file run38.pdb (PDB, C-alpha atoms and all ligand atoms)
ATOM      1  CA  MET G  26      -7.370  22.483   1.223  1.00  0.00           C
ATOM      2  CA  ASP G  27      -7.261  22.446   4.965  1.00  0.00           C
ATOM      3  CA  LYS G  28      -6.849  19.039   6.634  1.00  0.00           C
ATOM      4  CA  LYS G  29      -9.569  19.817   9.191  1.00  0.00           C
ATOM      5  CA  ILE G  30     -12.167  20.666   6.550  1.00  0.00           C
ATOM      6  CA  ILE G  31     -11.345  17.561   4.524  1.00  0.00           C
ATOM      7  CA  ARG G  32     -11.416  15.421   7.670  1.00  0.00           C
ATOM      8  CA  GLN G  33     -14.935  16.606   8.536  1.00  0.00           C
ATOM      9  CA  ALA G  34     -16.219  16.231   4.975  1.00  0.00           C
ATOM     10  CA  MET G  35     -14.760  12.744   4.501  1.00  0.00           C
ATOM     11  CA  ILE G  36     -16.032  11.394   7.825  1.00  0.00           C
ATOM     12  CA  LYS G  37     -19.488  12.579   6.787  1.00  0.00           C
ATOM     13  CA  GLN G  38     -19.276  11.263   3.211  1.00  0.00           C
ATOM     14  CA  ARG G  39     -18.068   7.852   4.370  1.00  0.00           C
ATOM     15  CA  LEU G  40     -21.062   7.522   6.712  1.00  0.00           C
ATOM     16  CA  GLU G  41     -23.332   8.184   3.731  1.00  0.00           C
ATOM     17  CA  VAL G  42     -22.057   5.207   1.718  1.00  0.00           C
ATOM     18  CA  HIS G  43     -24.950   2.760   1.345  1.00  0.00           C
ATOM     19  CA  GLU G  44     -24.721  -0.628   2.992  1.00  0.00           C
ATOM     20  CA  GLU G  45     -24.457  -2.668  -0.255  1.00  0.00           C
ATOM     21  CA  GLU G  46     -21.716  -0.443  -1.617  1.00  0.00           C
ATOM     22  CA  TYR G  47     -19.935  -0.460   1.710  1.00  0.00           C
ATOM     23  CA  GLN G  48     -19.908  -4.262   1.729  1.00  0.00           C
ATOM     24  CA  SER G  49     -19.031  -4.774  -1.953  1.00  0.00           C
ATOM     25  CA  TYR G  50     -16.233  -2.175  -1.945  1.00  0.00           C
ATOM     26  CA  SER G  51     -14.850  -3.572   1.314  1.00  0.00           C
ATOM     27  CA  LEU G  52     -14.836  -7.079  -0.177  1.00  0.00           C
ATOM     28  CA  LYS G  53     -13.024  -5.867  -3.323  1.00  0.00           C
ATOM     29  CA  ILE G  54     -10.410  -4.085  -1.247  1.00  0.00           C
ATOM     30  CA  ILE G  55      -9.774  -7.106   0.983  1.00  0.00           C
ATOM     31  CA  GLU G  56      -9.517  -9.440  -2.051  1.00  0.00           C
ATOM     32  CA  SER G  57      -7.083  -7.036  -3.652  1.00  0.00           C
ATOM     33  CA  LEU G  58      -5.036  -6.927  -0.453  1.00  0.00           C
ATOM     34  CA  LEU G  59      -4.918 -10.732  -0.106  1.00  0.00           C
ATOM     35  CA  THR G  60      -3.767 -11.214  -3.706  1.00  0.00           C
ATOM     36  CA  SER G  61      -1.230  -8.376  -3.745  1.00  0.00           C
ATOM     37  CA  SER G  62       2.466  -9.203  -3.987  1.00  0.00           C
ATOM     38  CA  PHE G  63       3.358  -7.100  -0.934  1.00  0.00           C
ATOM     39  CA  PHE G  64       0.972  -8.684   1.580  1.00  0.00           C
ATOM     40  CA  ASN G  65       2.476 -11.578   3.516  1.00  0.00           C
ATOM     41  CA  MET G  66       0.265 -13.507   5.937  1.00  0.00           C
ATOM     42  CA  GLU G  67       3.281 -15.345   7.383  1.00  0.00           C
ATOM     43  CA  GLN G  68       4.614 -12.187   9.031  1.00  0.00           C
ATOM     44  CA  PRO G  69       3.150 -10.486  12.135  1.00  0.00           C
ATOM     45  CA  LEU G  70       0.301  -8.192  11.109  1.00  0.00           C
ATOM     46  CA  GLY G  71      -1.213  -5.130  12.712  1.00  0.00           C
ATOM     47  CA  ILE G  72      -4.836  -4.488  11.790  1.00  0.00           C
ATOM     48  CA  TYR G  73      -7.733  -2.381  13.044  1.00  0.00           C
ATOM     49  CA  MET G  74     -11.356  -3.013  14.029  1.00  0.00           C
ATOM     50  CA  PRO G  75     -13.595  -0.757  11.895  1.00  0.00           C
ATOM     51  CA  ILE G  76     -15.577   2.185  13.268  1.00  0.00           C
ATOM     52  CA  ARG G  77     -17.641   4.822  11.416  1.00  0.00           C
ATOM     53  CA  GLN G  78     -17.752   2.826   8.132  1.00  0.00           C
ATOM     54  CA  GLU G  79     -14.006   2.361   7.816  1.00  0.00           C
ATOM     55  CA  VAL G  80     -13.280  -0.406   5.273  1.00  0.00           C
ATOM     56  CA  ASP G  81     -14.687  -3.588   6.833  1.00  0.00           C
ATOM     57  CA  THR G  82     -11.849  -5.747   8.183  1.00  0.00           C
ATOM     58  CA  LEU G  83     -13.927  -8.151  10.246  1.00  0.00           C
ATOM     59  CA  HIS G  84     -13.984 -11.041   7.739  1.00  0.00           C
ATOM     60  CA  LEU G  85     -10.301 -10.516   7.062  1.00  0.00           C
ATOM     61  CA  ILE G  86      -9.446 -10.763  10.764  1.00  0.00           C
ATOM     62  CA  HIS G  87     -11.524 -13.976  11.041  1.00  0.00           C
ATOM     63  CA  TYR G  88      -9.759 -15.414   8.012  1.00  0.00           C
ATOM     64  CA  LEU G  89      -6.272 -14.471   9.228  1.00  0.00           C
ATOM     65  CA  LEU G  90      -6.887 -15.935  12.694  1.00  0.00           C
ATOM     66  CA  ALA G  91      -8.302 -19.130  11.180  1.00  0.00           C
ATOM     67  CA  SER G  92      -5.231 -19.367   8.921  1.00  0.00           C
ATOM     68  CA  GLY G  93      -2.855 -19.132  11.855  1.00  0.00           C
ATOM     69  CA  SER G  94      -1.488 -15.662  11.083  1.00  0.00           C
ATOM     70  CA  ARG G  95      -0.169 -13.593  13.951  1.00  0.00           C
ATOM     71  CA  VAL G  96      -2.724 -10.796  14.258  1.00  0.00           C
ATOM     72  CA  ALA G  97      -2.326  -7.764  16.525  1.00  0.00           C
ATOM     73  CA  LEU G  98      -4.819  -4.969  17.219  1.00  0.00           C
ATOM     74  CA  PRO G  99      -4.177  -1.479  18.550  1.00  0.00           C
ATOM     75  CA  LYS G 100      -4.912  -0.219  22.028  1.00  0.00           C
ATOM     76  CA  VAL G 101      -4.631   3.466  22.918  1.00  0.00           C
ATOM     77  CA  GLU G 102      -2.726   3.845  26.183  1.00  0.00           C
ATOM     78  CA  PRO G 103      -1.446   6.901  28.082  1.00  0.00           C
ATOM     79  CA  ASP G 104       1.944   6.682  26.364  1.00  0.00           C
ATOM     80  CA  GLY G 105       0.514   6.161  22.857  1.00  0.00           C
ATOM     81  CA  MET G 106      -0.827   3.338  20.711  1.00  0.00           C
ATOM     82  CA  HIS G 107       0.436  -0.225  21.111  1.00  0.00           C
ATOM     83  CA  PHE G 108      -0.494  -3.452  19.322  1.00  0.00           C
ATOM     84  CA  TYR G 109      -1.430  -6.689  21.110  1.00  0.00           C
ATOM     85  CA  TYR G 110      -1.794 -10.155  19.618  1.00  0.00           C
ATOM     86  CA  ILE G 111      -5.179 -11.831  19.816  1.00  0.00           C
ATOM     87  CA  ASP G 112      -6.224 -15.438  19.132  1.00  0.00           C
ATOM     88  CA  HIS G 113      -9.986 -14.827  18.984  1.00  0.00           C
ATOM     89  CA  LEU G 114     -12.236 -11.869  18.331  1.00  0.00           C
ATOM     90  CA  ASP G 115     -13.876 -12.477  21.704  1.00  0.00           C
ATOM     91  CA  GLN G 116     -10.678 -11.103  23.266  1.00  0.00           C
ATOM     92  CA  LEU G 117     -11.849  -7.557  22.473  1.00  0.00           C
ATOM     93  CA  VAL G 118     -13.540  -5.025  24.742  1.00  0.00           C
ATOM     94  CA  LEU G 119     -14.949  -1.581  24.068  1.00  0.00           C
ATOM     95  CA  GLY G 120     -12.136   0.938  24.521  1.00  0.00           C
ATOM     96  CA  THR G 121     -11.183   4.521  23.716  1.00  0.00           C
ATOM     97  CA  PHE G 122     -13.183   6.366  21.002  1.00  0.00           C
ATOM     98  CA  GLY G 123     -15.700   3.503  20.783  1.00  0.00           C
ATOM     99  CA  VAL G 124     -13.110   1.162  19.246  1.00  0.00           C
ATOM    100  CA  MET G 125     -13.034  -2.536  20.164  1.00  0.00           C
ATOM    101  CA  GLU G 126      -9.616  -3.042  21.733  1.00  0.00           C
ATOM    102  CA  PRO G 127      -7.665  -6.210  22.619  1.00  0.00           C
ATOM    103  CA  GLN G 128      -7.832  -7.365  26.249  1.00  0.00           C
ATOM    104  CA  SER G 129      -4.703  -9.396  25.674  1.00  0.00           C
ATOM    105  CA  ASN G 130      -1.415  -8.288  27.219  1.00  0.00           C
ATOM    106  CA  HIS G 131       0.650 -10.097  24.616  1.00  0.00           C
ATOM    107  CA  LEU G 132       2.463  -7.045  23.219  1.00  0.00           C
ATOM    108  CA  ALA G 133       3.410  -7.216  19.532  1.00  0.00           C
ATOM    109  CA  GLU G 134       6.897  -5.777  19.496  1.00  0.00           C
ATOM    110  CA  LYS G 135       7.662  -6.243  15.828  1.00  0.00           C
ATOM    111  CA  ILE G 136       4.744  -5.693  13.469  1.00  0.00           C
ATOM    112  CA  SER G 137       5.932  -6.435   9.957  1.00  0.00           C
ATOM    113  CA  THR G 138       2.941  -5.055   8.049  1.00  0.00           C
ATOM    114  CA  LEU G 139       0.412  -2.558   9.344  1.00  0.00           C
ATOM    115  CA  ILE G 140      -3.051  -2.271   7.771  1.00  0.00           C
ATOM    116  CA  VAL G 141      -3.897   1.383   8.310  1.00  0.00           C
ATOM    117  CA  PRO G 142      -7.362   2.972   8.464  1.00  0.00           C
ATOM    118  CA  LEU G 143      -7.674   6.502   7.148  1.00  0.00           C
ATOM    119  CA  VAL G 144     -10.105   9.365   6.723  1.00  0.00           C
ATOM    120  CA  ALA G 145      -8.440  10.786   3.572  1.00  0.00           C
ATOM    121  CA  PHE G 146      -5.242  10.444   1.559  1.00  0.00           C
ATOM    122  CA  ASN G 147      -3.443  12.452  -1.115  1.00  0.00           C
ATOM    123  CA  GLU G 148      -1.308  11.678  -4.169  1.00  0.00           C
ATOM    124  CA  LYS G 149       1.764  11.370  -1.930  1.00  0.00           C
ATOM    125  CA  LYS G 150      -0.041   8.688   0.113  1.00  0.00           C
ATOM    126  CA  GLU G 151      -0.066  10.965   3.132  1.00  0.00           C
ATOM    127  CA  ARG G 152      -3.104  10.322   5.281  1.00  0.00           C
ATOM    128  CA  ILE G 153      -5.567  12.226   7.383  1.00  0.00           C
ATOM    129  CA  GLY G 154      -6.726  10.330  10.469  1.00  0.00           C
ATOM    130  CA  TYR G 155      -9.008  11.434  13.273  1.00  0.00           C
ATOM    131  CA  GLY G 156      -6.564  14.174  14.261  1.00  0.00           C
ATOM    132  CA  LYS G 157      -4.621  12.600  17.105  1.00  0.00           C
ATOM    133  CA  GLY G 158      -1.527  11.495  15.170  1.00  0.00           C
ATOM    134  CA  TYR G 159      -1.414   8.010  16.760  1.00  0.00           C
ATOM    135  CA  TYR G 160      -0.486   6.243  13.523  1.00  0.00           C
ATOM    136  CA  ASP G 161       2.046   8.954  12.571  1.00  0.00           C
ATOM    137  CA  ARG G 162       3.876   8.425  15.855  1.00  0.00           C
ATOM    138  CA  TYR G 163       3.709   4.635  15.660  1.00  0.00           C
ATOM    139  CA  ILE G 164       4.997   4.500  12.070  1.00  0.00           C
ATOM    140  CA  GLU G 165       7.773   6.992  12.774  1.00  0.00           C
ATOM    141  CA  LYS G 166       8.942   4.903  15.723  1.00  0.00           C
ATOM    142  CA  TYR G 167       8.668   1.339  14.346  1.00  0.00           C
ATOM    143  CA  HIS G 168       8.779   1.671  10.527  1.00  0.00           C
ATOM    144  CA  PRO G 169       6.485  -1.233   9.609  1.00  0.00           C
ATOM    145  CA  GLN G 170       5.463  -1.744   5.997  1.00  0.00           C
ATOM    146  CA  THR G 171       2.207   0.235   5.780  1.00  0.00           C
ATOM    147  CA  ILE G 172      -0.847  -0.574   3.671  1.00  0.00           C
ATOM    148  CA  GLY G 173      -3.705   1.917   3.863  1.00  0.00           C
ATOM    149  CA  ILE G 174      -7.174   0.698   2.894  1.00  0.00           C
ATOM    150  CA  ALA G 175      -9.839   3.180   1.860  1.00  0.00           C
ATOM    151  CA  PHE G 176     -12.634   3.963  -0.555  1.00  0.00           C
ATOM    152  CA  ASP G 177     -11.463   5.734  -3.692  1.00  0.00           C
ATOM    153  CA  PHE G 178     -13.452   8.917  -2.995  1.00  0.00           C
ATOM    154  CA  GLN G 179     -11.245   9.444   0.061  1.00  0.00           C
ATOM    155  CA  LYS G 180      -8.423  10.554  -2.282  1.00  0.00           C
ATOM    156  CA  GLN G 181      -8.278  14.318  -1.840  1.00  0.00           C
ATOM    157  CA  GLU G 182      -5.930  17.212  -2.470  1.00  0.00           C
ATOM    158  CA  PHE G 183      -4.243  18.532   0.659  1.00  0.00           C
ATOM    159  CA  ALA G 184      -0.766  19.389   1.848  1.00  0.00           C
ATOM    160  CA  GLY G 185       0.621  16.926   4.376  1.00  0.00           C
ATOM    161  CA  GLU G 186       2.480  18.276   7.384  1.00  0.00           C
ATOM    162  CA  ILE G 187       6.079  17.454   8.283  1.00  0.00           C
ATOM    163  CA  HIS G 188       4.977  14.819  10.842  1.00  0.00           C
ATOM    164  CA  ASP G 189       2.545  13.057   8.475  1.00  0.00           C
ATOM    165  CA  GLN G 190       4.108   9.697   7.595  1.00  0.00           C
ATOM    166  CA  PRO G 191       3.384   8.649   3.990  1.00  0.00           C
ATOM    167  CA  LEU G 192       2.050   5.093   3.577  1.00  0.00           C
ATOM    168  CA  ASP G 193       3.767   2.542   1.324  1.00  0.00           C
ATOM    169  CA  TYR G 194       0.581   1.417  -0.434  1.00  0.00           C
ATOM    170  CA  ILE G 195      -3.055   2.425  -0.489  1.00  0.00           C
ATOM    171  CA  ILE G 196      -5.652  -0.039  -1.777  1.00  0.00           C
ATOM    172  CA  THR G 197      -9.095   1.172  -2.840  1.00  0.00           C
ATOM    173  CA  GLU G 198     -11.940  -0.614  -4.661  1.00  0.00           C
ATOM    174  CA  LYS G 199     -10.642   0.953  -7.886  1.00  0.00           C
ATOM    175  CA  ARG G 200      -6.861   0.545  -7.777  1.00  0.00           C
ATOM    176  CA  ILE G 201      -3.642   0.258  -5.802  1.00  0.00           C
ATOM    177  CA  TYR G 202      -1.613   3.422  -5.213  1.00  0.00           C
ATOM    178  CA  GLU G 203       2.092   2.669  -4.857  1.00  0.00           C
TER     179      GLU G 203
HETATM  180  N1  LIG W 301       5.571  11.946  14.900  1.00  0.00           N
HETATM  181  C1  LIG W 301       5.012  12.835  15.728  1.00  0.00           C
HETATM  182  N2  LIG W 301       5.678  13.306  16.784  1.00  0.00           N
HETATM  183  C2  LIG W 301       5.103  14.181  17.608  1.00  0.00           C
HETATM  184  N3  LIG W 301       3.865  14.670  17.471  1.00  0.00           N
HETATM  185  C3  LIG W 301       3.150  14.232  16.429  1.00  0.00           C
HETATM  186  C4  LIG W 301       3.686  13.302  15.506  1.00  0.00           C
HETATM  187  N4  LIG W 301       2.758  13.047  14.594  1.00  0.00           N
HETATM  188  C5  LIG W 301       1.689  13.787  14.919  1.00  0.00           C
HETATM  189  N5  LIG W 301       1.915  14.497  16.019  1.00  0.00           N
HETATM  190  C6  LIG W 301       0.971  15.436  16.647  1.00  0.00           C
HETATM  191  O1  LIG W 301      -0.345  14.919  16.621  1.00  0.00           O
HETATM  192  C7  LIG W 301      -1.256  15.944  16.247  1.00  0.00           C
HETATM  193  C8  LIG W 301      -2.285  15.420  15.276  1.00  0.00           C
HETATM  194  O2  LIG W 301      -1.647  15.043  14.071  1.00  0.00           O
HETATM  195  P1  LIG W 301      -2.446  15.000  12.694  1.00  0.00           P
HETATM  196  O3  LIG W 301      -1.469  14.620  11.636  1.00  0.00           O
HETATM  197  O4  LIG W 301      -3.210  16.260  12.501  1.00  0.00           O
HETATM  198  O5  LIG W 301      -3.510  13.845  13.003  1.00  0.00           O
HETATM  199  P2  LIG W 301      -3.927  12.606  12.104  1.00  0.00           P
HETATM  200  O6  LIG W 301      -2.688  12.070  11.457  1.00  0.00           O
HETATM  201  O7  LIG W 301      -4.564  11.676  13.095  1.00  0.00           O
HETATM  202  O8  LIG W 301      -4.905  13.138  11.112  1.00  0.00           O
HETATM  203  C9  LIG W 301      -0.449  17.057  15.615  1.00  0.00           C
HETATM  204  O9  LIG W 301      -0.787  18.276  16.224  1.00  0.00           O
HETATM  205  C10 LIG W 301       0.983  16.703  15.860  1.00  0.00           C
HETATM  206  O10 LIG W 301       1.633  17.725  16.602  1.00  0.00           O
HETATM  207 MG    MG W 302      -1.149  12.970  10.466  1.00  0.00          MG
END

call {"tool": "encode", "arguments": {"input": "run38.pdb", "output": "structure tokens"}}
result
Amino acid sequence: MDKKIIRQAMIKQRLEVHEEEYQSYSLKIIESLLTSSFFNMEQPLGIYMPIRQEVDTLHLIHYLLASGSRVALPKVEPDGMHFYYIDHLDQLVLGTFGVMEPQSNHLAEKISTLIVPLVAFNEKKERIGYGKGYYDRYIEKYHPQTIGIAFDFQKQEFAGEIHDQPLDYIITEKRIYE
């Protein structure tokens, strides 16, 4: 199936997930992430602020900051997406595409693990994003370990394109794809 059609359908379906399910699935996914063998809080982490019912990362970010992890969030800039370390969630301002972005100018040059949002994924762990390719370009350039987090219904059949970077792991409320 066409990436564009799946993108539209999945954005819509994700917005239709009821609040209790959204919260309970998000919690399951975050617990699964924190207890997985491949997640290391001691290394610099890149993570996103959720929009449009992406898996809720807010409690995770709070927890990581409180635990002293190095946490960086993405900012879309004219030359692409970059990650900046934050110490507090109050260091965020509304940025491009309605995403809360870091105000900090403490550039994270070496993200060890990237927590990746996604609109859909396939059996090869290729992802569909919002159609701008920001994560594809970032992953191709810096090669962090990548962990996608998503709801299980976001697994779809589609052919990835040559520039689509497969993720290392995808965690859903049902299982871990690796
Ligand atoms: N690594 C890359 N280098 C150059 N251009 C890229 C790269 N990755 C993606 N793009 C461009 O970004 C556009 C959107 O990519 P796409 O994979 O459709 O978006 P998304 O991954 O956000 O769903 C594509 O037209 C592609 O040409
Ligand atoms: Mg892509």

call {"tool": "atom_distance", "arguments": {"input": "run38.pdb", "atom1": "CA of Glu148 (chain G)", "atom2": "CA of Val96 (chain G)"}}
result
29.1 Å

call {"tool": "residues_near_point", "arguments": {"input": "run38.pdb", "point": "(-3.9, 13.2, 7.5)", "cutoff": "8 Å", "atoms": "all atoms listed in the file", "output": "ChimeraX atom specification"}}
result
/G:28,32,143-146,151-156,185,189

call {"tool": "closest_residue", "arguments": {"input": "run38.pdb", "among": "G:Leu192, G:Leu117, G:Leu59, G:Val42", "to": "ligand MG 302 (chain W)", "atoms": "only C-alpha atoms and all ligand atoms"}}
result
G:Leu192

call {"tool": "residues_around", "arguments": {"input": "run38.pdb", "residues": "Gln48 (chain G)", "least_positions_apart": "3", "cutoff": "12 Å", "atoms": "all atoms listed in the file", "output": "PyMOL selection string"}}
result
chain G and resi 42-45+51-55+78-84+176+198

call {"tool": "axis_aligned_box", "arguments": {"input": "run38.pdb", "around": "ligand LIG 301 (chain W)", "padding_each_side": "4 Å", "output": "lines of an AutoDock Vina configuration file"}}
result
center_x = 0.4
center_y = 15.0
center_z = 14.4
size_x = 18.6
size_y = 14.6
size_z = 14.5

call {"tool": "closest_residue", "arguments": {"input": "run38.pdb", "among": "G:Lys37, G:Arg77, G:Arg200, G:Lys29", "to": "ligand LIG 301 (chain W)", "atoms": "all atoms listed in the file"}}
result
G:Lys29

call {"tool": "closest_residue", "arguments": {"input": "run38.pdb", "among": "G:Ile172, G:Leu58, G:Ile86, G:Met125", "to": "His113 (chain G)", "atoms": "all atoms listed in the file"}}
result
G:Ile86

call {"tool": "resolve_selection", "arguments": {"input": "run38.pdb", "expression": "the PyMOL selection byres (((chain G and resi 141) around 6) and not hetatm)", "output": "count of residues only"}}
result
5

call {"tool": "atom_distance", "arguments": {"input": "run38.pdb", "atom1": "CA of Tyr167 (chain G)", "atom2": "CA of Gln68 (chain G)"}}
result
15.1 Å

call {"tool": "resolve_selection", "arguments": {"input": "run38.pdb", "expression": "the PyMOL selection byres (((chain G and resi 121) around 12) and not hetatm)", "output": "list of chain:residue names"}}
result
G:Ile76, G:Pro99, G:Lys100, G:Val101, G:Glu102, G:Pro103, G:Gly105, G:Met106, G:Val118, G:Leu119, G:Gly120, G:Phe122, G:Gly123, G:Val124, G:Met125, G:Glu126, G:Pro127

call {"tool": "closest_residue", "arguments": {"input": "run38.pdb", "among": "G:Phe64, G:Tyr110, G:Tyr163, G:Tyr50", "to": "ligand MG 302 (chain W)", "atoms": "only C-alpha atoms and all ligand atoms"}}
result
G:Tyr163

call {"tool": "closest_residue", "arguments": {"input": "run38.pdb", "among": "G:Ile187, G:Lys180, G:Ile196, G:Gly158", "to": "ligand MG 302 (chain W)", "atoms": "all atoms listed in the file"}}
result
G:Gly158

call {"tool": "residues_near_point", "arguments": {"input": "run38.pdb", "point": "(-2.9, -17.5, 7.5)", "cutoff": "12 Å", "atoms": "only C-alpha atoms", "output": "PyMOL selection string"}}
result
chain G and resi 59+64-70+85-96

call {"tool": "closest_residue", "arguments": {"input": "run38.pdb", "among": "G:Glu165, G:Asp104, G:Asp177, G:Glu203", "to": "ligand MG 302 (chain W)", "atoms": "all atoms listed in the file"}}
result
G:Glu165

call {"tool": "atom_distance", "arguments": {"input": "run38.pdb", "atom1": "atom C5 of ligand LIG 301 (chain W)", "atom2": "CA of Arg162 (chain G)"}}
result
5.9 Å

call {"tool": "build_atoms", "arguments": {"input": "run38.pdb", "residues": "region 42-50 of chain G", "atoms": "all heavy atoms", "output": "PDB file, in the coordinates of the input"}}
result
ATOM      1  N   VAL G  42     -22.173   6.320   2.671  1.00  0.00           N
ATOM      2  CA  VAL G  42     -22.057   5.207   1.718  1.00  0.00           C
ATOM      3  C   VAL G  42     -23.112   4.161   2.081  1.00  0.00           C
ATOM      4  O   VAL G  42     -23.238   3.783   3.250  1.00  0.00           O
ATOM      5  CB  VAL G  42     -20.641   4.576   1.769  1.00  0.00           C
ATOM      6  CG1 VAL G  42     -20.568   3.331   0.899  1.00  0.00           C
ATOM      7  CG2 VAL G  42     -19.584   5.589   1.350  1.00  0.00           C
ATOM      8  N   HIS G  43     -23.883   3.722   1.075  1.00  0.00           N
ATOM      9  CA  HIS G  43     -24.950   2.760   1.345  1.00  0.00           C
ATOM     10  C   HIS G  43     -24.390   1.388   1.687  1.00  0.00           C
ATOM     11  O   HIS G  43     -23.304   1.030   1.249  1.00  0.00           O
ATOM     12  CB  HIS G  43     -25.887   2.654   0.132  1.00  0.00           C
ATOM     13  CG  HIS G  43     -26.694   3.900  -0.049  1.00  0.00           C
ATOM     14  ND1 HIS G  43     -27.905   4.093   0.561  1.00  0.00           N
ATOM     15  CD2 HIS G  43     -26.428   5.024  -0.746  1.00  0.00           C
ATOM     16  CE1 HIS G  43     -28.362   5.300   0.236  1.00  0.00           C
ATOM     17  NE2 HIS G  43     -27.486   5.884  -0.552  1.00  0.00           N
ATOM     18  N   GLU G  44     -25.163   0.650   2.453  1.00  0.00           N
ATOM     19  CA  GLU G  44     -24.721  -0.628   2.992  1.00  0.00           C
ATOM     20  C   GLU G  44     -24.188  -1.596   1.909  1.00  0.00           C
ATOM     21  O   GLU G  44     -23.136  -2.194   2.081  1.00  0.00           O
ATOM     22  CB  GLU G  44     -25.876  -1.270   3.781  1.00  0.00           C
ATOM     23  CG  GLU G  44     -25.566  -2.617   4.413  1.00  0.00           C
ATOM     24  CD  GLU G  44     -24.481  -2.572   5.495  1.00  0.00           C
ATOM     25  OE1 GLU G  44     -24.204  -1.459   6.019  1.00  0.00           O
ATOM     26  OE2 GLU G  44     -23.892  -3.617   5.778  1.00  0.00           O
ATOM     27  N   GLU G  45     -24.916  -1.705   0.776  1.00  0.00           N
ATOM     28  CA  GLU G  45     -24.457  -2.668  -0.255  1.00  0.00           C
ATOM     29  C   GLU G  45     -23.122  -2.255  -0.849  1.00  0.00           C
ATOM     30  O   GLU G  45     -22.261  -3.080  -1.109  1.00  0.00           O
ATOM     31  CB  GLU G  45     -25.456  -2.793  -1.416  1.00  0.00           C
ATOM     32  CG  GLU G  45     -26.832  -3.274  -1.052  1.00  0.00           C
ATOM     33  CD  GLU G  45     -27.850  -2.194  -1.292  1.00  0.00           C
ATOM     34  OE1 GLU G  45     -28.154  -1.910  -2.463  1.00  0.00           O
ATOM     35  OE2 GLU G  45     -28.337  -1.607  -0.299  1.00  0.00           O
ATOM     36  N   GLU G  46     -22.983  -0.954  -1.089  1.00  0.00           N
ATOM     37  CA  GLU G  46     -21.716  -0.443  -1.617  1.00  0.00           C
ATOM     38  C   GLU G  46     -20.600  -0.629  -0.609  1.00  0.00           C
ATOM     39  O   GLU G  46     -19.488  -1.036  -0.955  1.00  0.00           O
ATOM     40  CB  GLU G  46     -21.857   1.050  -1.937  1.00  0.00           C
ATOM     41  CG  GLU G  46     -21.924   1.327  -3.402  1.00  0.00           C
ATOM     42  CD  GLU G  46     -22.201   2.791  -3.684  1.00  0.00           C
ATOM     43  OE1 GLU G  46     -22.248   3.610  -2.731  1.00  0.00           O
ATOM     44  OE2 GLU G  46     -22.371   3.121  -4.850  1.00  0.00           O
ATOM     45  N   TYR G  47     -20.920  -0.318   0.641  1.00  0.00           N
ATOM     46  CA  TYR G  47     -19.935  -0.460   1.710  1.00  0.00           C
ATOM     47  C   TYR G  47     -19.413  -1.898   1.743  1.00  0.00           C
ATOM     48  O   TYR G  47     -18.204  -2.136   1.802  1.00  0.00           O
ATOM     49  CB  TYR G  47     -20.558  -0.060   3.055  1.00  0.00           C
ATOM     50  CG  TYR G  47     -19.676  -0.348   4.237  1.00  0.00           C
ATOM     51  CD1 TYR G  47     -18.545   0.439   4.487  1.00  0.00           C
ATOM     52  CD2 TYR G  47     -19.945  -1.415   5.085  1.00  0.00           C
ATOM     53  CE1 TYR G  47     -17.722   0.165   5.568  1.00  0.00           C
ATOM     54  CE2 TYR G  47     -19.128  -1.691   6.164  1.00  0.00           C
ATOM     55  CZ  TYR G  47     -18.014  -0.903   6.405  1.00  0.00           C
ATOM     56  OH  TYR G  47     -17.203  -1.188   7.455  1.00  0.00           O
ATOM     57  N   GLN G  48     -20.325  -2.856   1.665  1.00  0.00           N
ATOM     58  CA  GLN G  48     -19.908  -4.262   1.729  1.00  0.00           C
ATOM     59  C   GLN G  48     -19.165  -4.694   0.466  1.00  0.00           C
ATOM     60  O   GLN G  48     -18.150  -5.383   0.557  1.00  0.00           O
ATOM     61  CB  GLN G  48     -21.121  -5.173   1.973  1.00  0.00           C
ATOM     62  CG  GLN G  48     -21.747  -5.040   3.367  1.00  0.00           C
ATOM     63  CD  GLN G  48     -20.763  -5.291   4.516  1.00  0.00           C
ATOM     64  OE1 GLN G  48     -19.705  -5.891   4.345  1.00  0.00           O
ATOM     65  NE2 GLN G  48     -21.116  -4.798   5.705  1.00  0.00           N
ATOM     66  N   SER G  49     -19.670  -4.296  -0.718  1.00  0.00           N
ATOM     67  CA  SER G  49     -19.031  -4.774  -1.953  1.00  0.00           C
ATOM     68  C   SER G  49     -17.660  -4.116  -2.157  1.00  0.00           C
ATOM     69  O   SER G  49     -16.710  -4.771  -2.574  1.00  0.00           O
ATOM     70  CB  SER G  49     -19.941  -4.573  -3.163  1.00  0.00           C
ATOM     71  OG  SER G  49     -20.078  -3.204  -3.454  1.00  0.00           O
ATOM     72  N   TYR G  50     -17.548  -2.835  -1.845  1.00  0.00           N
ATOM     73  CA  TYR G  50     -16.233  -2.175  -1.945  1.00  0.00           C
ATOM     74  C   TYR G  50     -15.250  -2.771  -0.942  1.00  0.00           C
ATOM     75  O   TYR G  50     -14.082  -3.024  -1.275  1.00  0.00           O
ATOM     76  CB  TYR G  50     -16.352  -0.670  -1.685  1.00  0.00           C
ATOM     77  CG  TYR G  50     -17.038   0.140  -2.748  1.00  0.00           C
ATOM     78  CD1 TYR G  50     -17.279   1.496  -2.555  1.00  0.00           C
ATOM     79  CD2 TYR G  50     -17.442  -0.433  -3.947  1.00  0.00           C
ATOM     80  CE1 TYR G  50     -17.905   2.271  -3.527  1.00  0.00           C
ATOM     81  CE2 TYR G  50     -18.075   0.322  -4.915  1.00  0.00           C
ATOM     82  CZ  TYR G  50     -18.309   1.678  -4.695  1.00  0.00           C
ATOM     83  OH  TYR G  50     -18.931   2.445  -5.649  1.00  0.00           O
TER      84      TYR G  50
END
